[in-house]
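Here's the structure we're looking at; comments come further down.
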Amino acid sequence: MAPPEAREEAGREAPSLPTGRALLVLALVVVLAISALYVVLPAIAGLKNTTNRLSEADPRLLVLAAALEVLSFASYMVLFRGVFAGPVALGWRESYRITMAGVAATRLLAAAGAGGVVLTVWALNRLGMRRREITSRESAFLVLLYGIYMAVLVIGGVGLATGVLPGPAPFGLTVIPAIFGAMVIILSLLAARFAPDVGRAARRVQRAGGALAKVSRALATAPAALATGVRGALLMTRARRPELLGAFGWWGFDIAVLYVCLRAFGGDPYISIVVMSYFVGTLANALPVPGGIGAVDGGMIGALIGFGVDTSLAVVGVLSYRLLSFWLPVIPGVVAYVQLLRDRPARPDPSAVSAGGS
């Protein structure tokens, strides 16, 4: 078996990103997707109405939207540093580079958002953090972020459906997302409580073989990872660490960008329906396309229209939002990734290696 040092160094190899022909194909797909979104879709929505909307744009509000997007990413970095700092020296420069490089990987790789996670693990491992520690903290980080996501689906959906929040309440855009969010929250809490029992049962099924062996292999590890994340997130929350407010800032400022973009083109929708349209639309990030290109845009536009927003307003508002939140951060993200590649990886601490092997 390879020594711990060798295994750690192997884990510090750069993640596989598109190169050569794969990069060319990816660029072609992105160009086609952009053409479809920013040329074909507005034409389908009504060229005249869309053109009128574009001419009515308030540039001051669009500048404000760009500033809000900067605050969204700043909040993400605050949360990232708050969760991962400690086992290794993690300054603001490292936090910025890892965050932005992870964004670029998420945008450019068709891995349902996993590209950013892989790059984050690689970058933190290069700084000297052990993989087990990275996995534990990454699980807590994701639970903190997506716990808010699911809670908002429940609160927003129920609030609109019952009339507590203002705005129309189509069943498929309020009750169904609320049920989905509630199920995810309940299953996560159950995983935290019963993960050891599920893991033991799954390992017994796996040893028996058969058709359920592959499913049991996932069940043997996934509940434990989720339970670690839930427990870690709860511990950080009980400690009232101020950095955790970054999770609210990440979502809140990004939703504000969408709202301000809609206002910039003459719209004045209820904030409640903008929030629900945002979260319902971003569920499409789970689809295996780079960054959810087209799927998230279409999901948000469809949700806004379903809530009664004018079609041309929904199209220009969402496309402007996606330009600010999705495309513009890719360039600094790629630069940050190149800077990470140039950084020399940290050497493992011999005392930590000895302690780990004792």
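We name chains A, B, ... following the order of the structure tokens; residues begin at 1 in each chain, and ligands are numbered from 1 as shown.
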Please run DSSP on the backbone and report, as a VMD selection string, all residues within stretch 55-292 of chain A that come out as helix (DSSP H, G or I).
-> chain A and resid 55 59 to 84 92 to 108 114 to 126 131 to 162 171 to 208 213 to 238 242 to 264 271 to 286 290 to 292
All residues 10 Å or closer to A:Ala314, only C-alpha atoms, same chain fewer than 3 positions away omitted, as a ChimeraX atom specification | /A:45,50,261-262,265,267,297-298,300-305,308-311,317-320
Which residues, written as a PyMOL selection string, have at least one atom at most 7 Å from stretch 55-68 of chain A, with only C-alpha atoms counted and residues fewer than 2 positions away on the same chain left out?
-> chain A and resi 51-53+70-72+253-254+257+260-261+264-266+324
In terms of only C-alpha atoms, the residue from A:Ala178, A:Ala191, A:Ile255, A:Ala140 at minimal distance from A:Val154 is A:Ala178
Residue nearest A:Ile271 among A:Leu165, A:Ile148, A:Leu190, A:Ile331 (counting only C-alpha atoms) = A:Leu165
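Near A:Met129, within 7 Å and counting only C-alpha atoms, sit Pro87, Val88, Leu124, Asn125, Glu133 and Ile134 of chain A, not including residues fewer than 3 positions from it in the same chain.
Counting only C-alpha atoms and comparing A:Leu258, A:Val118, A:Leu235, A:Ile186, the residue that lies closest to A:Leu323 is A:Leu258.
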